[in-house]
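Student: Pasting coords-v5.csv below, which is CSV, C-alpha atoms.
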chain,number,residue,atom,x,y,z
A,1,MET,CA,59.8,-52.0,40.4
A,2,LYS,CA,61.1,-54.5,37.9
A,3,PHE,CA,59.0,-57.0,36.0
A,4,SER,CA,59.6,-60.4,34.5
A,5,ALA,CA,57.5,-61.8,31.6
A,6,ASN,CA,56.3,-65.3,32.2
A,7,LEU,CA,56.5,-66.8,28.7
A,8,GLY,CA,54.5,-69.8,29.7
A,9,PHE,CA,51.5,-67.5,29.3
A,10,LEU,CA,52.7,-64.4,27.4
A,11,TRP,CA,53.4,-64.4,23.7
A,12,THR,CA,52.6,-68.1,23.4
A,13,ASP,CA,51.8,-67.6,19.7
A,14,ARG,CA,55.5,-67.2,19.0
A,15,ALA,CA,58.5,-69.4,19.1
A,16,LEU,CA,60.3,-69.0,22.4
A,17,PRO,CA,63.3,-67.0,21.1
A,18,ASP,CA,60.8,-64.6,19.4
A,19,ALA,CA,58.8,-64.4,22.7
A,20,ILE,CA,62.0,-63.4,24.5
A,21,ARG,CA,62.5,-60.6,21.9
A,22,ALA,CA,58.9,-59.5,22.3
A,23,ALA,CA,59.4,-59.2,26.1
A,24,LYS,CA,62.4,-57.1,25.6
A,25,ALA,CA,60.7,-54.8,23.1
A,26,ALA,CA,57.7,-54.4,25.5
A,27,GLY,CA,60.0,-53.2,28.3
A,28,PHE,CA,60.2,-56.2,30.7
A,29,ASP,CA,63.4,-56.5,32.8
A,30,ALA,CA,63.6,-60.3,32.7
A,31,VAL,CA,61.8,-63.5,31.6
A,32,GLU,CA,60.8,-66.8,33.2
A,33,LEU,CA,59.7,-70.0,31.6
A,34,HIS,CA,57.3,-72.9,32.2
A,35,TRP,CA,58.5,-75.9,30.0
A,36,PRO,CA,60.9,-74.7,27.4
A,37,TYR,CA,62.3,-78.2,26.5
A,38,ASP,CA,61.0,-78.3,22.9
A,39,THR,CA,63.3,-75.4,22.1
A,40,PRO,CA,67.0,-76.2,22.0
A,41,ALA,CA,68.8,-74.6,24.9
A,42,ALA,CA,71.3,-73.0,22.5
A,43,GLU,CA,68.5,-71.1,20.7
A,44,THR,CA,67.0,-69.9,24.0
A,45,ARG,CA,70.4,-68.8,25.3
A,46,ALA,CA,71.1,-67.0,22.0
A,47,ALA,CA,67.9,-64.9,22.4
A,48,LEU,CA,68.7,-64.2,26.0
A,49,ASP,CA,72.2,-63.0,25.1
A,50,GLU,CA,70.9,-60.9,22.2
A,51,THR,CA,68.3,-59.1,24.3
A,52,GLY,CA,70.3,-59.0,27.5
A,53,LEU,CA,67.4,-60.2,29.5
A,54,PRO,CA,68.1,-62.6,32.4
A,55,CYS,CA,66.0,-65.8,32.7
A,56,LEU,CA,64.9,-66.1,36.3
A,57,GLY,CA,63.8,-69.8,36.2
A,58,LEU,CA,61.9,-72.6,34.7
A,59,ASN,CA,59.7,-75.6,35.8
A,60,THR,CA,60.3,-79.3,35.9
A,61,ARG,CA,58.1,-81.1,33.4
A,62,ASN,CA,54.4,-81.3,34.5
A,63,GLY,CA,53.2,-84.2,32.4
A,64,THR,CA,49.7,-85.4,33.1
A,65,THR,CA,50.1,-85.2,36.9
A,66,ASN,CA,51.3,-81.6,37.3
A,67,GLY,CA,54.8,-82.7,38.3
A,68,LEU,CA,56.3,-85.8,39.8
A,69,GLY,CA,58.1,-84.7,43.0
A,70,ALA,CA,55.6,-86.0,45.5
A,71,LEU,CA,54.4,-89.2,43.7
A,72,PRO,CA,55.4,-92.4,45.6
A,73,GLY,CA,56.7,-95.0,43.2
A,74,ARG,CA,57.9,-92.5,40.6
A,75,GLU,CA,61.0,-91.3,42.4
A,76,ALA,CA,63.3,-92.2,39.5
A,77,GLU,CA,61.2,-90.2,37.0
A,78,ALA,CA,61.1,-87.2,39.4
A,79,ARG,CA,64.9,-87.2,39.7
A,80,ALA,CA,65.2,-87.4,35.9
A,81,ALA,CA,62.9,-84.4,35.6
A,82,ILE,CA,65.1,-82.5,38.1
A,83,ASP,CA,68.2,-83.4,36.2
A,84,GLU,CA,66.6,-82.3,32.9
A,85,ALA,CA,65.5,-78.9,34.3
A,86,VAL,CA,68.8,-78.3,36.0
A,87,THR,CA,70.8,-79.0,32.9
A,88,TYR,CA,68.6,-76.7,30.8
A,89,ALA,CA,68.7,-74.0,33.4
A,90,ARG,CA,72.5,-74.1,33.5
A,91,GLU,CA,72.8,-74.1,29.7
A,92,ILE,CA,70.7,-70.9,29.4
A,93,GLY,CA,72.0,-69.2,32.6
A,94,ALA,CA,68.7,-69.4,34.5
A,95,GLY,CA,68.8,-68.9,38.2
A,96,ALA,CA,66.1,-71.2,39.5
A,97,VAL,CA,64.2,-74.4,39.0
A,98,HIS,CA,60.6,-74.9,40.2
A,99,ALA,CA,60.3,-78.5,41.4
A,100,MET,CA,56.6,-79.4,40.7
A,101,ALA,CA,55.0,-81.7,43.3
A,102,GLY,CA,52.2,-83.3,41.3
A,103,PHE,CA,48.8,-84.6,42.4
A,104,ALA,CA,49.3,-86.6,45.6
A,105,GLU,CA,48.3,-86.6,49.3
A,106,GLY,CA,49.2,-88.2,52.6
A,107,SER,CA,52.3,-89.0,54.5
A,108,ALA,CA,53.9,-91.1,51.8
A,109,ALA,CA,53.6,-88.2,49.4
A,110,ASP,CA,55.1,-85.8,51.9
A,111,ALA,CA,58.1,-88.1,52.5
A,112,THR,CA,58.6,-88.6,48.7
A,113,PHE,CA,58.5,-84.8,48.1
A,114,ARG,CA,61.0,-84.2,50.8
A,115,GLU,CA,63.4,-86.8,49.2
A,116,THR,CA,62.9,-85.2,45.8
A,117,LEU,CA,63.6,-81.7,47.1
A,118,ALA,CA,66.7,-82.9,49.0
A,119,TYR,CA,68.0,-84.5,45.8
A,120,ALA,CA,67.3,-81.3,43.8
A,121,CYS,CA,69.0,-79.0,46.3
A,122,ASP,CA,72.0,-81.2,46.5
A,123,ALA,CA,72.2,-81.7,42.8
A,124,ALA,CA,72.1,-78.0,42.1
A,125,PRO,CA,73.7,-76.0,44.9
A,126,ASP,CA,74.3,-73.2,42.3
A,127,LEU,CA,70.6,-72.8,41.6
A,128,THR,CA,67.6,-71.8,43.7
A,129,ILE,CA,65.1,-74.7,44.0
A,130,LEU,CA,61.5,-73.3,44.3
A,131,ILE,CA,58.3,-74.8,45.5
A,132,GLU,CA,55.0,-73.2,44.8
A,133,PRO,CA,51.6,-73.7,46.5
A,134,LEU,CA,48.8,-73.9,43.9
A,135,ASN,CA,45.2,-73.2,44.8
A,136,ARG,CA,42.8,-76.1,45.0
A,137,HIS,CA,40.4,-74.6,42.5
A,138,ASP,CA,42.8,-74.4,39.6
A,139,ALA,CA,44.8,-77.6,40.6
A,140,PRO,CA,42.5,-79.8,42.6
A,141,GLY,CA,44.5,-82.6,44.2
A,142,TYR,CA,47.9,-80.9,44.0
A,143,PHE,CA,50.1,-81.8,46.9
A,144,LEU,CA,51.2,-78.3,47.9
A,145,THR,CA,48.4,-75.8,48.5
A,146,THR,CA,49.5,-73.2,51.2
A,147,THR,CA,52.5,-71.2,52.2
A,148,GLY,CA,52.3,-72.7,55.6
A,149,GLN,CA,52.8,-76.2,54.2
A,150,ALA,CA,55.7,-74.9,52.1
A,151,VAL,CA,57.4,-73.3,55.1
A,152,VAL,CA,57.2,-76.5,57.0
A,153,LEU,CA,59.0,-78.3,54.2
A,154,ILE,CA,61.6,-75.6,53.8
A,155,ASP,CA,62.3,-75.5,57.5
A,156,ALA,CA,62.5,-79.3,57.9
A,157,LEU,CA,64.9,-79.8,55.0
A,158,ALA,CA,67.1,-76.8,56.0
A,159,LYS,CA,68.6,-76.5,52.5
A,160,PRO,CA,69.9,-73.0,51.9
A,161,ASN,CA,68.8,-73.0,48.2
A,162,LEU,CA,65.3,-74.2,48.8
A,163,LYS,CA,62.8,-71.3,48.6
A,164,LEU,CA,59.2,-70.4,48.3
A,165,MET,CA,57.6,-69.2,45.1
A,166,PHE,CA,55.1,-66.6,46.4
A,167,ASP,CA,52.4,-66.4,43.7
A,168,CYS,CA,50.0,-63.7,44.8
A,169,TYR,CA,47.3,-65.2,42.6
A,170,HIS,CA,47.4,-68.6,44.3
A,171,VAL,CA,48.0,-67.2,47.8
A,172,GLN,CA,45.1,-64.7,47.6
A,173,ILE,CA,42.6,-67.5,46.6
A,174,MET,CA,43.8,-69.9,49.3
A,175,GLU,CA,44.8,-67.6,52.2
A,176,GLY,CA,44.2,-63.9,51.4
A,177,ASP,CA,45.7,-61.1,53.5
A,178,LEU,CA,48.6,-60.9,51.1
A,179,THR,CA,50.7,-58.1,52.7
A,180,ARG,CA,50.7,-59.7,56.1
A,181,ARG,CA,51.3,-63.2,54.8
A,182,PHE,CA,54.2,-62.1,52.6
A,183,GLY,CA,55.8,-60.5,55.6
A,184,GLU,CA,55.4,-63.7,57.7
A,185,VAL,CA,57.2,-65.8,55.1
A,186,ARG,CA,59.6,-63.2,53.6
A,187,ASP,CA,62.7,-65.0,54.9
A,188,VAL,CA,62.1,-68.0,52.7
A,189,VAL,CA,60.7,-66.3,49.5
A,190,GLY,CA,62.7,-66.9,46.4
A,191,HIS,CA,60.5,-65.4,43.7
A,192,VAL,CA,57.2,-63.4,43.5
A,193,GLN,CA,54.5,-63.8,40.8
A,194,PHE,CA,51.2,-62.1,40.2
A,195,ALA,CA,48.0,-62.2,38.1
A,196,GLY,CA,44.5,-60.8,38.3
A,197,VAL,CA,42.2,-62.5,40.7
A,198,PRO,CA,39.9,-64.4,40.3
A,199,ALA,CA,40.3,-65.0,36.5
A,200,ARG,CA,44.1,-65.1,36.3
A,201,GLY,CA,43.9,-62.4,33.7
A,202,ARG,CA,45.7,-59.1,33.3
A,203,PRO,CA,46.9,-57.8,36.6
A,204,ASP,CA,45.2,-54.4,36.4
A,205,GLU,CA,41.8,-56.1,36.5
A,206,GLY,CA,40.2,-58.0,39.3
A,207,GLU,CA,40.1,-57.7,43.1
A,208,ILE,CA,43.8,-56.9,43.8
A,209,ALA,CA,45.3,-53.4,43.3
A,210,TYR,CA,48.8,-54.6,42.4
A,211,ASP,CA,49.9,-51.1,41.6
A,212,ARG,CA,49.6,-50.4,45.4
A,213,LEU,CA,50.3,-53.9,46.7
A,214,LEU,CA,53.6,-54.7,45.0
A,215,PRO,CA,55.5,-51.5,46.0
A,216,VAL,CA,54.9,-52.3,49.7
A,217,LEU,CA,56.2,-55.8,49.6
A,218,ASP,CA,59.8,-56.2,50.7
A,219,TRP,CA,61.0,-57.6,47.4
A,220,SER,CA,63.8,-56.1,45.3
A,221,GLY,CA,63.8,-58.7,42.5
A,222,PRO,CA,61.6,-58.6,39.4
A,223,PHE,CA,57.9,-59.5,40.0
A,224,GLY,CA,56.8,-62.3,37.6
A,225,ALA,CA,53.8,-61.4,35.4
A,226,GLU,CA,52.3,-64.9,35.1
A,227,TYR,CA,48.8,-64.2,33.8
A,228,LYS,CA,46.6,-65.3,30.9
A,229,PRO,CA,46.2,-62.5,28.4
A,230,GLY,CA,43.2,-64.0,26.7
A,231,GLY,CA,44.4,-62.9,23.3
A,232,ASP,CA,47.1,-60.6,22.0
A,233,THR,CA,49.7,-60.1,24.8
A,234,GLY,CA,50.6,-56.6,23.7
A,235,ALA,CA,47.0,-55.4,24.1
A,236,THR,CA,47.2,-56.2,27.8
A,237,LEU,CA,50.3,-54.3,28.8
A,238,ASP,CA,48.9,-50.9,29.8
A,239,TRP,CA,49.8,-51.7,33.4
A,240,LEU,CA,53.4,-52.2,32.5
A,241,ARG,CA,53.6,-48.7,31.1
A,242,ALA,CA,51.6,-47.1,33.8
A,243,TRP,CA,52.9,-48.6,37.1
A,244,PRO,CA,55.9,-47.1,38.9
A,245,ARG,CA,59.2,-48.5,37.9
Output the file's structure in the form of structure tokens.
Tutor:
Amino acid sequence: MKFSANLGFLWTDRALPDAIRAAKAAGFDAVELHWPYDTPAAETRAALDETGLPCLGLNTRNGTTNGLGALPGREAEARAAIDEAVTYAREIGAGAVHAMAGFAEGSAADATFRETLAYACDAAPDLTILIEPLNRHDAPGYFLTTTGQAVVLIDALAKPNLKLMFDCYHVQIMEGDLTRRFGEVRDVVGHVQFAGVPARGRPDEGEIAYDRLLPVLDWSGPFGAEYKPGGDTGATLDWLRAWPR
């Protein structure tokens, strides 16, 4: 197995280039980002080139609404956020952009999100556009909450670069039955993330035995470690050294 360090949660006490270097030193195979925009893309790219780590992807800005993609009346802002993320991703050589939906509901939100996603996919055919269901406990009111809802959107838009971010943490809380559910949506999965459930802490604690789950998932890319270390990241990495690679 290969693993990616999500630097939105890991090594947040360091500047982004130094966090990339820490991920390399710890033995990660890749990195992924949340909102890197305060760091000039040239500095991020230099650290990636120095370490040889690929960057798998990054998010559109979340703002105060956890994204803008599904918010009626804010379409121009949503497209600007897509443009910003796509530009940064290309400058650092990242492969994907997670288009965040935001807090919204109803048919108007659904139509707006579809328009935003179509724009993103057409604007960046060279990148994967990801959508991620978030659980209603951590993100109450978020538009996208289940893999089923995501698959409906992906099938309806029929864009080859629109994929599902399968976050085991969120899916377990909302749907459970991770192995079977992953198999049902495998054809549209573009990235896989994980964290301990229910606290979103280190992945070797909690109710999911990831050391047994991840090897049976049909996924050859790096698994994204997107968990909250609750302190020094290095002190939580026993799993990275112990799990099969």
Student: Taking all atoms listed in the file into account, which of A:Tyr210, A:Asp204, A:Ala81, A:Val151 comes nearest Arg181 in chain A?
Tutor: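 Closest to Arg181 in chain A of all the choices is A:Val151.
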Student: Could you check which of A:Asp238, A:Thr233, A:Leu58, A:Ile92 is closest to Asp13 in chain A, using all atoms listed in the file?
Tutor: A:Thr233
Student: For Glu184 in chain A, which of A:Gly148, A:Ala80, A:Glu207, A:Pro160 is the closest residue, counting all atoms listed in the file?
Tutor: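 Once distances to Glu184 in chain A are computed over all atoms listed in the file, the minimum belongs to A:Gly148.
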Student: As a list in words, please: the residues near Thr128 in chain A (cut-off 9 Å, all atoms listed in the file, same-chain neighbours under 4 positions excluded).
Tutor: Gly57, Gly95, Ala96, Val97, His98, Cys121, Ala124, Pro160, Asn161, Leu162, Lys163 and Gly190 of chain A
Student: Just to confirm, what's the straight-line distance from CA of Phe182 in chain A to CA of Ala150 in chain A in Å (one decimal)?
Tutor: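 Spanning CA of Phe182 in chain A to CA of Ala150 in chain A is a straight-line distance of 12.9 Å.
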Student: Distance table requested - range 3-28 of chain A against range 215-226 of chain A, cut-off 8 Å, only C-alpha atoms: one row per qualifying residue with the closest atom pair and its distance in Å to one decimal, ordered by chain and rising residue number, as CSV.
Tutor:
residue,atom,partner,partner_atom,distance
A:Phe3,CA,A:Pro222,CA,4.6
A:Ser4,CA,A:Gly224,CA,4.6
A:Ala5,CA,A:Ala225,CA,5.3
A:Asn6,CA,A:Glu226,CA,5.0
A:Leu7,CA,A:Glu226,CA,7.9
A:Gly8,CA,A:Glu226,CA,7.6
A:Phe9,CA,A:Glu226,CA,6.4
A:Leu10,CA,A:Glu226,CA,7.7
Student: What separation in Å, quoted to one decimal, exists between CA of Val31 in chain A and CA of Ala242 in chain A?
Tutor: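 Taking CA of Val31 in chain A and CA of Ala242 in chain A, their separation equals 19.4 Å.
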Student: How far is it from CA of Trp11 in chain A to CA of Phe143 in chain A, in Å with one decimal?
Tutor: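 Computed distance, CA of Trp11 in chain A to CA of Phe143 in chain A, equals 29.2 Å.
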Student: Excluding Pro36 in chain A and any residue of its chain fewer than 4 positions from it, enumerate the residues within 10 Å of it, using all atoms listed in the file, and give them as an NGL selection string.
Tutor: :A and (7-8 or 16 or 32 or 40-41 or 44 or 58-61 or 85 or 88-89)
Student: Pick the closest to Glu175 in chain A from A:Pro133, A:Pro72, A:Pro244, A:Gly206: which is it, counting all atoms listed in the file?
Tutor: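 With all atoms listed in the file as the atom set, the closest residue is A:Pro133.
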